[in-house]
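File shown: query.cif. Contents: mmCIF, C-alpha atoms.
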```cif
data_run
#
loop_
_atom_site.label_atom_id
_atom_site.label_comp_id
_atom_site.auth_asym_id
_atom_site.auth_seq_id
_atom_site.Cartn_x
_atom_site.Cartn_y
_atom_site.Cartn_z
CA MET A 1 104.48 96.15 88.77
CA LEU A 2 102.85 92.86 89.71
CA THR A 3 104.82 90.29 91.66
CA PRO A 4 103.40 86.75 91.75
CA SER A 5 102.30 85.65 95.21
CA GLU A 6 101.25 82.47 96.96
CA HIS A 7 98.19 84.48 98.03
CA TRP A 8 96.89 84.68 94.46
CA VAL A 9 93.97 82.30 93.83
CA TRP A 10 92.34 81.11 90.59
CA TYR A 11 88.57 80.57 90.62
CA TYR A 12 85.64 80.34 88.25
CA CYS A 13 83.01 83.06 88.78
CA GLN A 14 79.52 81.97 87.73
CA ASN A 15 78.17 85.53 87.76
CA SER A 16 80.64 86.77 85.16
CA ASP A 17 81.14 83.33 83.56
CA ARG A 18 84.91 83.87 83.59
CA LEU A 19 88.04 82.41 85.12
CA LEU A 20 89.44 84.96 87.57
CA LEU A 21 92.66 85.31 89.53
CA THR A 22 92.43 87.12 92.87
CA LEU A 23 95.54 89.32 93.14
CA SER A 24 94.67 91.10 96.39
CA ALA A 25 91.66 91.88 98.56
CA SER A 26 90.77 94.72 96.18
CA SER A 27 91.90 93.55 92.74
CA SER A 28 91.59 90.59 90.43
CA PHE A 29 92.50 89.59 86.89
CA THR A 30 89.63 88.53 84.62
CA SER A 31 90.59 86.09 81.88
CA GLU A 32 88.82 85.68 78.55
CA LEU A 33 87.97 82.07 79.44
CA THR A 34 84.28 81.28 79.87
CA GLY A 35 82.91 78.23 81.64
CA ALA A 36 82.24 76.56 78.27
CA VAL A 37 85.96 76.41 77.40
CA LEU A 38 87.38 75.57 80.84
CA ASN A 39 88.67 72.05 81.41
CA GLN A 40 87.24 72.33 84.94
CA LYS A 41 85.33 74.96 86.88
CA ILE A 42 87.84 75.83 89.57
CA VAL A 43 86.49 76.67 93.00
CA SER A 44 89.78 77.74 94.59
CA GLN A 45 93.18 76.93 93.07
CA PRO A 46 96.18 78.60 94.75
CA PHE A 47 98.76 80.16 92.44
CA SER A 48 101.69 77.75 92.28
CA LEU A 49 105.44 78.23 92.26
CA GLU A 50 105.47 76.76 88.75
CA GLU A 51 102.97 79.41 87.64
CA ALA A 52 105.09 82.16 89.21
CA GLU A 53 108.12 80.95 87.26
CA ALA A 54 106.06 80.76 84.05
CA PHE A 55 104.70 84.29 84.68
CA TRP A 56 108.25 85.69 84.71
CA ARG A 57 109.27 83.66 81.66
CA PHE A 58 106.28 84.94 79.65
CA HIS A 59 106.89 88.48 80.95
CA ASP A 60 110.60 88.42 80.03
CA VAL A 61 109.99 87.05 76.52
CA LEU A 62 107.81 90.10 75.88
CA LEU A 63 110.45 92.63 77.05
CA PRO A 64 111.85 93.41 73.55
CA LEU A 65 108.39 94.42 72.32
CA PRO A 66 107.03 97.97 72.58
CA LEU A 67 104.54 97.13 75.36
CA SER A 68 103.86 98.84 78.67
CA ASP A 69 104.52 96.95 81.92
CA GLU A 70 100.76 96.59 82.38
CA GLU A 71 100.33 95.09 78.89
CA ARG A 72 103.18 92.62 79.51
CA GLU A 73 101.62 91.61 82.83
CA GLN A 74 98.18 91.16 81.24
CA PHE A 75 99.59 89.03 78.42
CA ALA A 76 101.55 86.92 80.94
CA LEU A 77 98.39 86.35 83.01
CA HIS A 78 96.36 85.46 79.89
CA ALA A 79 99.12 83.00 78.94
CA LEU A 80 98.90 81.38 82.39
CA ALA A 81 95.10 81.21 82.28
CA ASN A 82 95.37 79.20 79.06
CA ARG A 83 96.43 76.19 81.18
CA TYR A 84 92.80 75.88 82.26
CA ARG A 85 91.40 75.92 78.70
CA GLN A 86 90.05 72.75 77.08
CA LEU A 87 92.12 71.47 74.21
CA SER A 88 90.66 72.69 70.93
CA ALA A 89 91.05 71.63 67.32
CA HIS A 90 93.77 73.39 65.37
CA LYS A 91 92.85 76.20 62.99
CA SER A 92 95.88 75.87 60.72
CA TRP A 93 93.99 76.50 57.47
CA TYR A 94 93.70 80.15 58.54
CA PHE A 95 97.44 80.66 57.99
CA VAL A 96 100.17 80.23 55.38
CA THR A 97 102.43 77.17 55.71
CA GLN A 98 105.92 78.19 56.83
CA ARG A 99 109.31 76.56 56.68
CA GLN A 100 109.52 74.03 59.54
CA GLN A 101 111.28 75.42 62.62
CA ASP A 102 111.85 74.16 66.12
CA ILE A 103 109.28 76.29 67.91
CA GLY A 104 108.28 75.74 71.52
CA LEU A 105 106.84 77.22 74.68
CA TYR A 106 107.86 80.77 75.67
CA GLN A 107 108.81 81.84 72.14
CA LEU A 108 107.64 84.77 70.06
CA VAL A 109 106.30 83.73 66.67
CA GLN A 110 104.32 85.21 63.83
CA LEU A 111 101.38 83.75 61.96
CA GLN A 112 100.68 84.88 58.42
CA GLY A 113 97.12 85.23 57.18
CA LYS A 114 96.10 88.37 55.30
CA ASP A 115 98.00 90.11 58.11
CA ILE A 116 101.18 89.07 59.90
CA ILE A 117 100.14 88.49 63.51
CA PRO A 118 102.79 88.37 66.26
CA ALA A 119 102.03 85.83 68.98
CA LEU A 120 103.42 84.24 72.13
CA VAL A 121 103.56 80.44 72.32
CA VAL A 122 101.65 79.51 75.50
CA ALA A 123 101.42 75.73 75.00
CA SER A 124 103.15 73.17 72.85
CA ASP A 125 102.88 69.49 71.94
CA LEU A 126 104.40 67.28 69.24
CA GLU A 127 102.15 68.52 66.44
CA CYS A 128 100.68 71.86 67.50
CA ILE A 129 101.34 75.07 69.37
CA GLU A 130 98.86 77.40 71.06
CA CYS A 131 99.49 81.07 70.36
CA LEU A 132 98.34 84.12 72.32
CA LEU A 133 97.84 86.84 69.71
CA LEU A 134 99.66 90.08 70.53
CA THR A 135 97.78 92.13 67.93
CA LYS A 136 94.52 91.78 66.07
CA GLY A 137 94.67 90.44 62.55
CA GLU A 138 92.86 88.86 59.63
CA THR A 139 93.22 85.22 58.59
CA LEU A 140 93.43 83.90 55.03
CA ALA A 141 89.68 83.18 55.25
CA GLY A 142 88.94 86.79 56.21
CA LYS A 143 88.12 86.00 59.85
CA LEU A 144 89.11 88.80 62.22
CA LEU A 145 91.04 87.59 65.26
CA THR A 146 91.24 89.78 68.35
CA ARG A 147 94.28 90.78 70.34
CA GLY A 148 94.65 88.52 73.37
CA SER A 149 92.83 85.54 71.87
CA VAL A 150 94.46 82.10 71.75
CA ILE A 151 94.56 79.94 68.64
CA ARG A 152 95.91 76.42 68.18
CA VAL A 153 97.84 75.75 64.95
CA LEU A 154 100.13 73.12 63.47
CA ARG A 155 103.79 73.91 64.12
CA ASN A 156 104.41 74.54 60.41
CA ARG A 157 102.09 77.57 60.43
CA ALA A 158 104.32 79.67 62.69
CA GLN A 159 107.73 81.15 62.18
CA LEU A 160 109.99 82.80 64.72
CA PHE A 161 109.08 86.45 65.22
CA GLU A 162 111.11 89.09 63.41
CA MET A 163 110.94 92.49 65.07
CA ASN A 164 110.31 95.38 62.69
CA VAL A 165 109.20 98.98 62.82
CA ASP A 166 105.64 98.16 61.71
CA PHE A 167 104.97 96.16 64.90
CA ALA A 168 105.71 99.20 67.05
CA GLN A 169 102.98 101.07 65.20
CA THR A 170 100.36 98.33 65.73
CA ALA A 171 101.09 97.50 69.37
#
```
Any chance you could give the structure as structure tokens?
Amino acid sequence: MLTPSEHWVWYYCQNSDRLLLTLSASSSFTSELTGAVLNQKIVSQPFSLEEAEAFWRFHDVLLPLPLSDEEREQFALHALANRYRQLSAHKSWYFVTQRQQDIGLYQLVQLQGKDIIPALVVASDLECIECLLLTKGETLAGKLLTRGSVIRVLRNRAQLFEMNVDFAQTA
């Protein structure tokens, strides 16, 4: 089980073109973020107390889901890495409009395209939320979205997640 540490360090690796987080002398976490989508190419950014708190909040929100500890940790780290991503345009047309709900950071939601895709809200503003997809799925337009990717949508495209037996089979 990972425990956040002040010794963890974020940095951009040019060789792999990824944002990485050094966890120890022998291990690191590799994010999905390439240099093209980073808001800055970090040389050495120590892991903060705020990030440690957010790690546990993301981790704990995922506890009710049928995920292994390692999967929860990976999703929590991907959620934290999203803070270094450039703001992107929303992709709301990919999903069905839902009844308006008060949805914010650290909540589990679902997006409905051709598939219902469970997601974790990793960022939020007045109009949009950014969702880390917990399973792969297909949008209304037929685009396949991968597990672990982040998509920005208008708030009215998400609804609070409802746990069901089908999710356990896809996770």
- prompt: Neighbours of Glu51 in chain A within 10 Å (only C-alpha atoms; same-chain residues fewer than 5 positions away dropped), as a ChimeraX atom specification?
  reply: /A:4-6,46,56-57,77,80-81,83
field: Selected residue of minimal separation from Trp8 in chain A among A:Ala52, A:Arg152, A:Gln107, A:Val96, counting all atoms listed in the file
entry: A:Ala52
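Each of A:Val150, A:Gly142, A:Leu2, A:Ala25 was checked against Asp69 in chain A using all atoms listed in the file; the smallest atom-to-atom distance is that of A:Leu2.
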task: Given the file shown, enumerate the residues that the PyMOL selection byres ((chain A and resi 122) around 6) captures and present them as a ChimeraX atom specification.
output: /A:79,105,121,123,130-131
- request: Select, from A:Pro118, A:Val37, A:Ile103, A:Thr3, the residue with the minimum atom-to-atom distance to Arg18 in chain A, counting only C-alpha atoms.
  value: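 Of all the options, A:Val37 lies closest to Arg18 in chain A.
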Which residues, written as a PDB file with C-alpha atoms, in the coordinates of the input, have at least one atom at most 9 Å from Ser88 in chain A, with only C-alpha atoms counted and residues fewer than 2 positions away on the same chain left out?
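Written file, out_7.pdb:
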```pdb
ATOM      1  CA  VAL A  37      85.960  76.410  77.400  1.00  0.00           C
ATOM      2  CA  ARG A  85      91.400  75.920  78.700  1.00  0.00           C
ATOM      3  CA  GLN A  86      90.050  72.750  77.080  1.00  0.00           C
ATOM      4  CA  HIS A  90      93.770  73.390  65.370  1.00  0.00           C
ATOM      5  CA  LYS A  91      92.850  76.200  62.990  1.00  0.00           C
ATOM      6  CA  ILE A 151      94.560  79.940  68.640  1.00  0.00           C
ATOM      7  CA  ARG A 152      95.910  76.420  68.180  1.00  0.00           C
TER       8      ARG A 152
END
```
query: Hey, can you check how far CA of Leu38 in chain A sits from CA of Asp17 in chain A?
result: 10.3 Å
Per residue of range 6-125 of chain A within 6 Å of range 159-162 of chain A, record the nearest atom pair and its distance in Å to one decimal, counting only C-alpha atoms, with rows in chain order and ascending residue number, as JSON lines.
```
{"residue": "A:Leu108", "atom": "CA", "partner": "A:Phe161", "partner_atom": "CA", "distance": 5.3}
{"residue": "A:Val109", "atom": "CA", "partner": "A:Phe161", "partner_atom": "CA", "distance": 4.2}
{"residue": "A:Gln110", "atom": "CA", "partner": "A:Phe161", "partner_atom": "CA", "distance": 5.1}
```
query: Using all atoms listed in the file, which of the listed residues (A:Ser92, A:Thr34, A:Ser44, A:Ser149) sits closest to Leu21 in chain A?
result: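 Nearest candidate to Leu21 in chain A out of A:Ser92, A:Thr34, A:Ser44, A:Ser149: A:Ser44.
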- request: Report the distance between CA of Phe47 in chain A and CA of Ser27 in chain A in Å, rounded to one decimal place.
  value: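 Separation of CA of Phe47 in chain A and CA of Ser27 in chain A: 15.0 Å.
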